[in-house]
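Participant: Enclosed is the structure file query_14.pdb (PDB, C-alpha atoms, pLDDT in the B column).
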```
ATOM      1  CA  ALA S   3      18.186  15.981 -77.319  1.00 81.00           C
ATOM      2  CA  GLN S   4      19.902  19.296 -77.787  1.00 89.00           C
ATOM      3  CA  LYS S   5      23.458  20.006 -78.829  1.00 95.00           C
ATOM      4  CA  VAL S   6      25.685  23.049 -79.227  1.00 97.00           C
ATOM      5  CA  THR S   7      28.741  22.983 -81.466  1.00 97.00           C
ATOM      6  CA  GLN S   8      31.567  25.471 -81.353  1.00 97.00           C
ATOM      7  CA  ALA S   9      33.896  24.231 -84.050  1.00 96.00           C
ATOM      8  CA  GLN S  10      36.639  26.760 -83.366  1.00 97.00           C
ATOM      9  CA  THR S  11      38.716  25.472 -80.481  1.00 96.00           C
ATOM     10  CA  GLU S  12      41.125  28.380 -80.373  1.00 97.00           C
ATOM     11  CA  ILE S  13      41.476  31.688 -82.206  1.00 97.00           C
ATOM     12  CA  SER S  14      44.400  34.085 -82.034  1.00 97.00           C
ATOM     13  CA  VAL S  15      44.116  37.658 -83.253  1.00 97.00           C
ATOM     14  CA  VAL S  16      46.102  40.831 -82.963  1.00 97.00           C
ATOM     15  CA  GLU S  17      44.550  43.677 -81.033  1.00 97.00           C
ATOM     16  CA  LYS S  18      42.101  45.810 -83.050  1.00 97.00           C
ATOM     17  CA  GLU S  19      41.231  42.971 -85.391  1.00 97.00           C
ATOM     18  CA  ASP S  20      37.616  41.881 -85.672  1.00 97.00           C
ATOM     19  CA  VAL S  21      36.856  38.296 -84.746  1.00 97.00           C
ATOM     20  CA  THR S  22      33.769  36.110 -85.112  1.00 97.00           C
ATOM     21  CA  LEU S  23      33.056  33.140 -82.882  1.00 98.00           C
ATOM     22  CA  ASP S  24      30.771  30.543 -84.410  1.00 97.00           C
ATOM     23  CA  CYS S  25      27.985  28.652 -82.688  1.00 98.00           C
ATOM     24  CA  VAL S  26      25.696  26.072 -84.248  1.00 98.00           C
ATOM     25  CA  TYR S  27      22.918  24.453 -82.258  1.00 97.00           C
ATOM     26  CA  GLU S  28      20.575  21.513 -82.639  1.00 96.00           C
ATOM     27  CA  THR S  29      17.156  21.113 -81.115  1.00 93.00           C
ATOM     28  CA  ARG S  30      13.764  19.792 -82.134  1.00 91.00           C
ATOM     29  CA  ASP S  31      12.029  22.338 -79.965  1.00 88.00           C
ATOM     30  CA  THR S  32      10.597  25.409 -81.622  1.00 86.00           C
ATOM     31  CA  THR S  33      10.939  27.681 -78.598  1.00 85.00           C
ATOM     32  CA  TYR S  34      14.329  28.062 -76.986  1.00 89.00           C
ATOM     33  CA  TYR S  35      16.893  30.548 -75.747  1.00 89.00           C
ATOM     34  CA  LEU S  36      20.494  31.004 -76.751  1.00 92.00           C
ATOM     35  CA  PHE S  37      23.203  32.544 -74.612  1.00 93.00           C
ATOM     36  CA  TRP S  38      26.826  33.546 -74.740  1.00 96.00           C
ATOM     37  CA  TYR S  39      29.005  33.423 -71.648  1.00 96.00           C
ATOM     38  CA  LYS S  40      32.572  34.609 -71.193  1.00 96.00           C
ATOM     39  CA  GLN S  41      35.061  32.743 -68.995  1.00 95.00           C
ATOM     40  CA  PRO S  42      38.134  34.917 -68.378  1.00 94.00           C
ATOM     41  CA  PRO S  43      41.370  33.418 -67.025  1.00 91.00           C
ATOM     42  CA  SER S  44      40.084  33.971 -63.482  1.00 90.00           C
ATOM     43  CA  GLY S  45      37.531  31.222 -64.164  1.00 90.00           C
ATOM     44  CA  GLU S  46      34.129  32.728 -63.512  1.00 92.00           C
ATOM     45  CA  LEU S  47      31.316  32.553 -66.077  1.00 94.00           C
ATOM     46  CA  VAL S  48      29.994  35.925 -67.129  1.00 93.00           C
ATOM     47  CA  PHE S  49      26.630  36.244 -68.878  1.00 91.00           C
ATOM     48  CA  LEU S  50      26.860  38.294 -72.083  1.00 92.00           C
ATOM     49  CA  ILE S  51      23.597  37.949 -73.971  1.00 89.00           C
ATOM     50  CA  ARG S  52      20.266  36.105 -74.184  1.00 87.00           C
ATOM     51  CA  ARG S  53      18.346  35.650 -77.419  1.00 88.00           C
ATOM     52  CA  ASN S  54      15.014  33.862 -77.798  1.00 85.00           C
ATOM     53  CA  SER S  55      14.069  31.769 -80.798  1.00 87.00           C
ATOM     54  CA  PHE S  56      11.262  34.006 -82.018  1.00 83.00           C
ATOM     55  CA  ASP S  57      13.397  37.122 -82.165  1.00 81.00           C
ATOM     56  CA  GLU S  58      15.919  37.005 -84.986  1.00 78.00           C
ATOM     57  CA  GLN S  59      16.841  40.658 -84.720  1.00 78.00           C
ATOM     58  CA  ASN S  60      20.584  41.054 -84.474  1.00 80.00           C
ATOM     59  CA  GLU S  61      21.940  42.886 -81.488  1.00 82.00           C
ATOM     60  CA  ILE S  62      24.850  45.206 -80.948  1.00 83.00           C
ATOM     61  CA  SER S  63      26.291  46.187 -77.603  1.00 85.00           C
ATOM     62  CA  GLY S  64      29.352  48.362 -77.885  1.00 91.00           C
ATOM     63  CA  ARG S  65      32.060  46.307 -79.594  1.00 93.00           C
ATOM     64  CA  TYR S  66      29.984  43.130 -79.345  1.00 93.00           C
ATOM     65  CA  SER S  67      27.404  42.014 -81.876  1.00 92.00           C
ATOM     66  CA  TRP S  68      25.416  38.860 -82.337  1.00 92.00           C
ATOM     67  CA  ASN S  69      23.987  37.339 -85.506  1.00 93.00           C
ATOM     68  CA  PHE S  70      21.144  34.869 -84.962  1.00 93.00           C
ATOM     69  CA  GLN S  71      20.033  32.920 -88.028  1.00 92.00           C
ATOM     70  CA  LYS S  72      17.339  30.358 -87.399  1.00 91.00           C
ATOM     71  CA  SER S  73      17.573  29.044 -90.967  1.00 92.00           C
ATOM     72  CA  THR S  74      21.121  27.836 -90.352  1.00 94.00           C
ATOM     73  CA  SER S  75      20.727  27.206 -86.590  1.00 95.00           C
ATOM     74  CA  SER S  76      23.561  29.583 -85.874  1.00 96.00           C
ATOM     75  CA  PHE S  77      24.170  32.246 -83.253  1.00 95.00           C
ATOM     76  CA  ASN S  78      27.507  33.851 -84.027  1.00 96.00           C
ATOM     77  CA  PHE S  79      29.308  36.406 -81.898  1.00 95.00           C
ATOM     78  CA  THR S  80      31.527  39.140 -83.319  1.00 95.00           C
ATOM     79  CA  ILE S  81      33.950  41.299 -81.382  1.00 96.00           C
ATOM     80  CA  THR S  82      34.928  44.442 -83.257  1.00 96.00           C
ATOM     81  CA  ALA S  83      38.323  46.014 -82.643  1.00 96.00           C
ATOM     82  CA  SER S  84      39.367  43.300 -80.208  1.00 96.00           C
ATOM     83  CA  GLN S  85      41.315  44.165 -77.075  1.00 97.00           C
ATOM     84  CA  VAL S  86      43.651  42.162 -74.876  1.00 96.00           C
ATOM     85  CA  VAL S  87      40.950  42.148 -72.168  1.00 95.00           C
ATOM     86  CA  ASP S  88      38.741  40.143 -74.531  1.00 97.00           C
ATOM     87  CA  SER S  89      41.076  37.170 -74.104  1.00 97.00           C
ATOM     88  CA  ALA S  90      38.936  34.435 -72.589  1.00 97.00           C
ATOM     89  CA  VAL S  91      37.038  31.261 -73.367  1.00 96.00           C
ATOM     90  CA  TYR S  92      33.624  31.994 -74.828  1.00 97.00           C
ATOM     91  CA  PHE S  93      30.770  29.526 -74.443  1.00 97.00           C
ATOM     92  CA  CYS S  94      27.556  29.369 -76.399  1.00 97.00           C
ATOM     93  CA  ALA S  95      24.641  27.728 -74.571  1.00 96.00           C
ATOM     94  CA  LEU S  96      21.084  26.568 -75.309  1.00 95.00           C
ATOM     95  CA  ASN S  97      18.051  26.476 -73.014  1.00 90.00           C
ATOM     96  CA  ILE S  98      14.787  24.773 -73.988  1.00 85.00           C
ATOM     97  CA  VAL S  99      11.604  26.576 -72.984  1.00 71.00           C
ATOM     98  CA  GLY S 100       9.309  23.575 -73.059  1.00 64.00           C
ATOM     99  CA  ALA S 101      11.333  21.799 -70.422  1.00 60.00           C
ATOM    100  CA  GLY S 102      10.306  24.320 -67.809  1.00 61.00           C
ATOM    101  CA  THR S 103      11.711  27.459 -66.329  1.00 60.00           C
ATOM    102  CA  ALA S 104      14.325  25.619 -64.300  1.00 66.00           C
ATOM    103  CA  SER S 105      15.661  23.802 -67.328  1.00 79.00           C
ATOM    104  CA  LYS S 106      19.362  23.333 -67.841  1.00 89.00           C
ATOM    105  CA  LEU S 107      21.817  25.128 -70.057  1.00 93.00           C
ATOM    106  CA  THR S 108      23.494  22.939 -72.649  1.00 95.00           C
ATOM    107  CA  PHE S 109      26.937  24.361 -73.336  1.00 97.00           C
ATOM    108  CA  GLY S 110      29.211  24.108 -76.330  1.00 97.00           C
ATOM    109  CA  THR S 111      32.840  23.153 -75.866  1.00 96.00           C
ATOM    110  CA  GLY S 112      33.954  26.767 -75.925  1.00 96.00           C
ATOM    111  CA  THR S 113      36.279  28.833 -78.083  1.00 97.00           C
ATOM    112  CA  ARG S 114      39.487  30.162 -76.548  1.00 97.00           C
ATOM    113  CA  LEU S 115      40.192  33.656 -77.852  1.00 98.00           C
ATOM    114  CA  GLN S 116      43.706  35.000 -77.483  1.00 97.00           C
ATOM    115  CA  VAL S 117      44.203  38.675 -78.298  1.00 97.00           C
ATOM    116  CA  THR S 118      47.799  39.845 -78.473  1.00 96.00           C
ATOM    117  CA  LEU S 119      49.392  43.259 -78.870  1.00 93.00           C
TER     118      LEU S 119
ATOM    119  CA  GLU K  27      25.127  44.413 -57.832  1.00 75.00           C
ATOM    120  CA  PRO K  28      23.883  41.137 -56.357  1.00 78.00           C
ATOM    121  CA  GLU K  29      25.972  38.086 -57.157  1.00 91.00           C
ATOM    122  CA  VAL K  30      26.177  34.382 -56.501  1.00 95.00           C
ATOM    123  CA  THR K  31      28.845  33.452 -53.956  1.00 96.00           C
ATOM    124  CA  GLN K  32      30.499  30.092 -53.392  1.00 97.00           C
ATOM    125  CA  THR K  33      32.669  28.679 -50.636  1.00 96.00           C
ATOM    126  CA  PRO K  34      35.311  27.422 -50.457  1.00 96.00           C
ATOM    127  CA  SER K  35      37.129  28.621 -53.553  1.00 96.00           C
ATOM    128  CA  HIS K  36      39.330  25.525 -53.472  1.00 97.00           C
ATOM    129  CA  GLN K  37      38.802  22.221 -51.669  1.00 97.00           C
ATOM    130  CA  VAL K  38      41.288  19.397 -51.533  1.00 97.00           C
ATOM    131  CA  THR K  39      40.018  16.067 -50.273  1.00 97.00           C
ATOM    132  CA  GLN K  40      41.050  12.439 -50.225  1.00 97.00           C
ATOM    133  CA  MET K  41      39.264   9.812 -52.266  1.00 97.00           C
ATOM    134  CA  GLY K  42      36.303   8.383 -50.364  1.00 97.00           C
ATOM    135  CA  GLN K  43      35.748  11.460 -48.233  1.00 97.00           C
ATOM    136  CA  GLU K  44      32.544  13.458 -48.176  1.00 97.00           C
ATOM    137  CA  VAL K  45      32.568  17.077 -49.310  1.00 98.00           C
ATOM    138  CA  ILE K  46      29.970  19.815 -49.127  1.00 97.00           C
ATOM    139  CA  LEU K  47      30.171  22.708 -51.515  1.00 98.00           C
ATOM    140  CA  ARG K  48      28.270  25.790 -50.492  1.00 97.00           C
ATOM    141  CA  CYS K  49      26.533  28.462 -52.514  1.00 97.00           C
ATOM    142  CA  VAL K  50      24.525  31.566 -51.731  1.00 97.00           C
ATOM    143  CA  PRO K  51      22.334  32.326 -54.765  1.00 95.00           C
ATOM    144  CA  ILE K  52      21.104  35.803 -55.623  1.00 91.00           C
ATOM    145  CA  SER K  53      18.547  36.560 -52.941  1.00 88.00           C
ATOM    146  CA  ASN K  54      15.422  37.067 -55.028  1.00 83.00           C
ATOM    147  CA  HIS K  55      16.066  34.236 -57.492  1.00 88.00           C
ATOM    148  CA  LEU K  56      13.860  31.180 -57.544  1.00 86.00           C
ATOM    149  CA  TYR K  57      15.824  28.553 -59.452  1.00 90.00           C
ATOM    150  CA  PHE K  58      19.163  27.089 -58.493  1.00 94.00           C
ATOM    151  CA  TYR K  59      21.629  24.914 -60.347  1.00 96.00           C
ATOM    152  CA  TRP K  60      24.904  23.069 -60.057  1.00 98.00           C
ATOM    153  CA  TYR K  61      27.246  22.565 -63.005  1.00 98.00           C
ATOM    154  CA  ARG K  62      30.723  21.177 -63.213  1.00 97.00           C
ATOM    155  CA  GLN K  63      33.650  21.785 -65.525  1.00 96.00           C
ATOM    156  CA  ILE K  64      36.468  19.280 -65.708  1.00 95.00           C
ATOM    157  CA  LEU K  65      39.687  21.133 -66.463  1.00 91.00           C
ATOM    158  CA  GLY K  66      39.801  22.282 -70.067  1.00 87.00           C
ATOM    159  CA  GLN K  67      36.400  20.854 -70.904  1.00 90.00           C
ATOM    160  CA  LYS K  68      32.924  22.198 -71.328  1.00 91.00           C
ATOM    161  CA  VAL K  69      30.503  23.101 -68.586  1.00 96.00           C
ATOM    162  CA  GLU K  70      28.150  20.215 -67.763  1.00 96.00           C
ATOM    163  CA  PHE K  71      24.787  20.386 -66.045  1.00 96.00           C
ATOM    164  CA  LEU K  72      24.366  18.426 -62.823  1.00 97.00           C
ATOM    165  CA  VAL K  73      21.058  19.401 -61.233  1.00 96.00           C
ATOM    166  CA  SER K  74      18.389  22.084 -61.020  1.00 93.00           C
ATOM    167  CA  PHE K  75      16.326  22.892 -57.941  1.00 93.00           C
ATOM    168  CA  TYR K  76      13.088  24.763 -57.465  1.00 89.00           C
ATOM    169  CA  ASN K  77      10.590  25.043 -54.665  1.00 87.00           C
ATOM    170  CA  ASN K  78      12.702  22.849 -52.394  1.00 90.00           C
ATOM    171  CA  GLU K  79      12.951  19.931 -54.739  1.00 91.00           C
ATOM    172  CA  ILE K  80      15.020  18.720 -57.652  1.00 93.00           C
ATOM    173  CA  SER K  81      13.544  19.748 -61.007  1.00 89.00           C
ATOM    174  CA  GLU K  82      15.971  17.939 -63.265  1.00 90.00           C
ATOM    175  CA  LYS K  83      19.204  16.011 -62.925  1.00 93.00           C
ATOM    176  CA  SER K  84      21.749  14.651 -65.355  1.00 94.00           C
ATOM    177  CA  GLU K  85      23.153  11.156 -65.559  1.00 94.00           C
ATOM    178  CA  ILE K  86      26.265  12.477 -63.805  1.00 94.00           C
ATOM    179  CA  PHE K  87      24.170  13.246 -60.720  1.00 96.00           C
ATOM    180  CA  ASP K  88      24.057   9.742 -59.286  1.00 94.00           C
ATOM    181  CA  ASP K  89      23.379   8.531 -55.751  1.00 95.00           C
ATOM    182  CA  GLN K  90      26.698   9.938 -54.569  1.00 96.00           C
ATOM    183  CA  PHE K  91      25.384  13.457 -55.079  1.00 97.00           C
ATOM    184  CA  SER K  92      22.718  15.343 -53.173  1.00 97.00           C
ATOM    185  CA  VAL K  93      21.547  18.930 -52.938  1.00 97.00           C
ATOM    186  CA  GLU K  94      19.893  20.830 -50.171  1.00 95.00           C
ATOM    187  CA  ARG K  95      18.627  24.267 -49.349  1.00 93.00           C
ATOM    188  CA  PRO K  96      18.964  24.080 -45.569  1.00 87.00           C
ATOM    189  CA  ASP K  97      17.811  27.650 -44.928  1.00 87.00           C
ATOM    190  CA  GLY K  98      16.556  30.631 -46.890  1.00 78.00           C
ATOM    191  CA  SER K  99      19.928  31.532 -48.341  1.00 88.00           C
ATOM    192  CA  ASN K 100      22.308  28.588 -48.750  1.00 94.00           C
ATOM    193  CA  PHE K 101      22.258  25.951 -51.467  1.00 96.00           C
ATOM    194  CA  THR K 102      24.621  23.017 -51.008  1.00 97.00           C
ATOM    195  CA  LEU K 103      26.005  20.189 -53.098  1.00 98.00           C
ATOM    196  CA  LYS K 104      27.190  17.124 -51.215  1.00 98.00           C
ATOM    197  CA  ILE K 105      29.345  14.411 -52.694  1.00 97.00           C
ATOM    198  CA  ARG K 106      29.142  11.427 -50.380  1.00 96.00           C
ATOM    199  CA  SER K 107      32.259   9.479 -51.298  1.00 95.00           C
ATOM    200  CA  THR K 108      34.510  11.366 -53.661  1.00 97.00           C
ATOM    201  CA  LYS K 109      36.315   9.731 -56.561  1.00 96.00           C
ATOM    202  CA  LEU K 110      39.333  10.950 -58.496  1.00 97.00           C
ATOM    203  CA  GLU K 111      37.088  11.736 -61.457  1.00 96.00           C
ATOM    204  CA  ASP K 112      35.059  14.154 -59.331  1.00 97.00           C
ATOM    205  CA  SER K 113      37.979  16.593 -59.525  1.00 97.00           C
ATOM    206  CA  ALA K 114      36.570  19.604 -61.347  1.00 97.00           C
ATOM    207  CA  MET K 115      35.379  23.166 -60.966  1.00 97.00           C
ATOM    208  CA  TYR K 116      31.858  23.213 -59.570  1.00 98.00           C
ATOM    209  CA  PHE K 117      29.671  26.174 -60.418  1.00 97.00           C
ATOM    210  CA  CYS K 118      26.483  27.194 -58.691  1.00 97.00           C
ATOM    211  CA  ALA K 119      23.998  29.324 -60.637  1.00 96.00           C
ATOM    212  CA  SER K 120      20.651  30.956 -60.020  1.00 93.00           C
ATOM    213  CA  SER K 121      18.000  32.467 -62.241  1.00 88.00           C
ATOM    214  CA  VAL K 122      14.599  34.096 -62.563  1.00 75.00           C
ATOM    215  CA  VAL K 123      13.829  36.946 -60.268  1.00 58.00           C
ATOM    216  CA  GLN K 124      10.688  36.449 -58.239  1.00 53.00           C
ATOM    217  CA  GLY K 125       7.831  38.247 -59.967  1.00 53.00           C
ATOM    218  CA  ALA K 126       9.685  38.768 -63.236  1.00 54.00           C
ATOM    219  CA  THR K 127       8.485  37.514 -66.557  1.00 57.00           C
ATOM    220  CA  SER K 128       9.766  34.046 -67.188  1.00 52.00           C
ATOM    221  CA  TYR K 129      11.539  35.015 -70.396  1.00 56.00           C
ATOM    222  CA  ARG K 130      14.481  36.338 -68.400  1.00 65.00           C
ATOM    223  CA  ARG K 131      16.066  32.919 -68.155  1.00 74.00           C
ATOM    224  CA  GLU K 132      19.732  33.808 -68.020  1.00 85.00           C
ATOM    225  CA  GLN K 133      21.545  31.987 -65.259  1.00 90.00           C
ATOM    226  CA  TYR K 134      24.039  33.885 -63.145  1.00 92.00           C
ATOM    227  CA  PHE K 135      27.031  31.880 -62.056  1.00 95.00           C
ATOM    228  CA  GLY K 136      29.150  31.977 -58.941  1.00 95.00           C
ATOM    229  CA  PRO K 137      32.958  32.063 -59.112  1.00 95.00           C
ATOM    230  CA  GLY K 138      33.180  28.295 -58.682  1.00 96.00           C
ATOM    231  CA  THR K 139      34.762  25.876 -56.224  1.00 97.00           C
ATOM    232  CA  ARG K 140      37.743  23.967 -57.499  1.00 97.00           C
ATOM    233  CA  LEU K 141      37.555  20.448 -56.058  1.00 98.00           C
ATOM    234  CA  THR K 142      40.710  18.374 -56.102  1.00 98.00           C
ATOM    235  CA  VAL K 143      40.397  14.716 -55.106  1.00 97.00           C
ATOM    236  CA  THR K 144      43.680  12.973 -54.309  1.00 97.00           C
TER     237      THR K 144
END
```
Can you give me the file's structure in the form of C-alpha cells?
Facilitator:
Amino acid sequence: AQKVTQAQTEISVVEKEDVTLDCVYETRDTTYYLFWYKQPPSGELVFLIRRNSFDEQNEISGRYSWNFQKSTSSFNFTITASQVVDSAVYFCALNIVGAGTASKLTFGTGTRLQVTL
Amino acid sequence: EPEVTQTPSHQVTQMGQEVILRCVPISNHLYFYWYRQILGQKVEFLVSFYNNEISEKSEIFDDQFSVERPDGSNFTLKIRSTKLEDSAMYFCASSVVQGATSYRREQYFGPGTRLTVT
C-alpha cells in the first residue's frame, strides 16, 4: 500500500519569505509518479508539477522549485519570495505506474499555507 | 484551454434521496476519475473508469455508488440513497490525452460539486 505524509498542517509566513512544504511518501513500487496540487480558497485543485521516480533532477519554475530525493522518499516544494496569492492548501500525491495508467492518486493530508502582508 | 467541468456546483439533498453528479472531462482524455473531499480533510479516491468500465474502486465506493458514461462527453456519479456522511466535495478528474505517451499521467480536476445531505 502507498502512503503520503505531509507533516506540516499549517504554515504562516510574511510576504517575500521563502517557505518549504514537506512531503514524504511510502511505496514498495520502484516506478511511480509524484505530484503537487494547489487548492486555493475557491476550492478547485490545480496541477503544479509531475515528477517520475527515475528522474531525480530538481526542477524550478519561476518562484517554485521542487526537490526530489529518492534516498529519503521526499518530494519537497519551495516557494521563493512568497506572495499573498500563494495562500492555499497544497497537496502532495503519489501515483503507482505498475497499477496501470488509470491508477489512482493517493493524496497527503495537505499543508495550509497562509501568506500575510 | 480545455478544462473539466462539473454540474451542479452545489447540491442539497435529503437523506435517502438519489443524486447524480455530472462531469464533462477534457474531450481528448481517456481516463476518468471521481474523488471526494470531506470538509477540511484530504482528497480520497473513489473510482477510475476507462474504456467504458471501472478500472479500480476504493472501499468507499460501495453498492450505493455507480458511474456511467452515457454518451461521448458526460461522466456521471450516482449515489443511490444518500447518507449524512456522503456530504463532501466531489471532484471529477480526467487524464492521458489520446495518442500521448503514457508518462503524462497528471490528472486534471474539475471545480467540484459540493454535496450537502440533510
Participant: May I have the protein, DNA and RNA residues with an atom at most 8 Å from (39.9, 24.5, -71.3), counting all atoms listed in the file in the file's coordinates, returned as a JSON list (two decimals) with C-alpha atoms, in the frame of the given file?
Facilitator:
```json
[["chain", "number", "residue", "atom", "x", "y", "z"],
["S", 91, "VAL", "CA", 37.04, 31.26, -73.37],
["S", 112, "GLY", "CA", 33.95, 26.77, -75.92],
["S", 114, "ARG", "CA", 39.49, 30.16, -76.55],
["K", 65, "LEU", "CA", 39.69, 21.13, -66.46],
["K", 66, "GLY", "CA", 39.80, 22.28, -70.07],
["K", 67, "GLN", "CA", 36.40, 20.85, -70.90],
["K", 68, "LYS", "CA", 32.92, 22.20, -71.33]]
```
Participant: Could you spell out the hits of the PyMOL selection byres ((chain K and resi 93) around 6) on the shown file, as a list in words?
Facilitator: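 So the PyMOL selection byres ((chain K and resi 93) around 6) ends up selecting Ser92, Glu94, Thr102 and Leu103 of chain K.
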Participant: Quick one: residues within 6 Å of region 69-78 of chain S, all atoms listed in the file, excluding same-chain residues fewer than 2 positions away - as a PDB file with C-alpha atoms, in the coordinates of the input?
Facilitator:
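Written out: selection_14.pdb:
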```
ATOM      1  CA  LEU S  23      33.056  33.140 -82.882  1.00 98.00           C
ATOM      2  CA  ASP S  24      30.771  30.543 -84.410  1.00 97.00           C
ATOM      3  CA  CYS S  25      27.985  28.652 -82.688  1.00 98.00           C
ATOM      4  CA  VAL S  26      25.696  26.072 -84.248  1.00 98.00           C
ATOM      5  CA  TYR S  27      22.918  24.453 -82.258  1.00 97.00           C
ATOM      6  CA  GLU S  58      15.919  37.005 -84.986  1.00 78.00           C
ATOM      7  CA  ASN S  60      20.584  41.054 -84.474  1.00 80.00           C
TER       8      ASN S  60
END
```
Participant: Set out as a Markdown table a contact list for chain K and chain S with a cut-off of 6 Å, giving each residue of chain K that qualifies its closest atom pair and distance in Å to one decimal, counting all atoms listed in the file, ordered by chain and rising residue number.
Facilitator:
```
| residue | atom | partner | partner_atom | distance |
| --- | --- | --- | --- | --- |
| K:Tyr57 | CA | S:Ala104 | CA | 5.9 |
| K:Lys68 | CA | S:Thr111 | CA | 4.6 |
| K:Phe135 | CA | S:Leu47 | CA | 5.9 |
| K:Pro137 | CA | S:Glu46 | CA | 4.6 |
```
Participant: Starting from the PyMOL selection byres ((chain K and resi 85) around 10), expand the selection into actual residues of this file and give them as a JSON list (two decimals) with C-alpha atoms, in the frame of the given file.
Facilitator:
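Below is the file result.json, written as the result:
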```json
[["chain", "number", "residue", "atom", "x", "y", "z"],
["K", 71, "PHE", "CA", 24.79, 20.39, -66.04],
["K", 72, "LEU", "CA", 24.37, 18.43, -62.82],
["K", 73, "VAL", "CA", 21.06, 19.40, -61.23],
["K", 83, "LYS", "CA", 19.20, 16.01, -62.92],
["K", 84, "SER", "CA", 21.75, 14.65, -65.36],
["K", 86, "ILE", "CA", 26.26, 12.48, -63.80],
["K", 87, "PHE", "CA", 24.17, 13.25, -60.72],
["K", 88, "ASP", "CA", 24.06, 9.74, -59.29]]
```
Participant: Could you expand the PyMOL selection byres ((chain S and resi 14) around 9) into the explicit residues it covers here, written as a list in words?
Facilitator: Glu12, Ile13, Val15, Val16, Arg114, Leu115, Gln116, Val117 and Thr118 of chain S
Participant: What does the distance between CA of Ser35 (chain K) and CA of Met115 (chain K) come to in Å, to one decimal place?
Facilitator: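 So the answer is 9.4 Å.
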Participant: At most 8 Å from (30.5, 18.6, -61.2), file frame, all atoms listed in the file: which residues, as a PyMOL selection string?
Facilitator: chain K and resi 60-64+70-72+86+112-117
Participant: Quick one: distance from CA of Ser55 (chain S) to CA of Asn78 (chain K) in Å, one decimal?
Facilitator: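 About the pair CA of Ser55 (chain S) and CA of Asn78 (chain K): they are 29.8 Å apart.
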Participant: Pick out the closest residue to Gln41 (chain S) from this set: K:Glu27, K:Val69, K:Ser107, K:Val122. Count only C-alpha atoms.
Facilitator: K:Val69
Participant: Between CA of Ser89 (chain S) and CA of Leu119 (chain S), measure the distance and give it in Å to one decimal.
Facilitator: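 Value for the CA of Ser89 (chain S)-CA of Leu119 (chain S) distance: 11.4 Å.
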Participant: To test the calculation: enclose all listed atoms of region 106-123 of chain K in a box whose edges run along x, y and z, add 3 Å on each side, then state centre and edge lengths in Å to one decimal, as lines of an AutoDock Vina configuration file.
Facilitator:
```
center_x = 26.6
center_y = 23.2
center_z = -56.5
size_x = 31.5
size_y = 33.5
size_z = 18.2
```
Participant: Can you tell me which residues surround Glu111 (chain K) at a distance of at most 10 Å, considering all atoms listed in the file, apart from same-chain residues fewer than 6 positions away, and format the answer as a PyMOL selection string?
Facilitator: chain K and resi 41+64+142-144
Participant: May I ask which of the residues K:Gln133, K:Thr108, K:Thr31, K:Ser99 is the closest one to Asn54 (chain K), counting all atoms listed in the file?
Facilitator: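 Of the candidates, the smallest distance to Asn54 (chain K) is held by K:Ser99.
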Participant: Find, counting all atoms listed in the file, the residue in K:Leu141, K:Ala119, K:Leu110, K:Val38 that gets nearest to Val50 (chain K).
Facilitator: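 For Val50 (chain K), the nearest of the given residues is K:Ala119.
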Participant: Which residues are close to Phe91 (chain K), i.e. within 8 Å by only C-alpha atoms, leaving aside same-chain residues fewer than 5 positions away? Reply as a ChimeraX atom specification.
Facilitator: /K:103-106
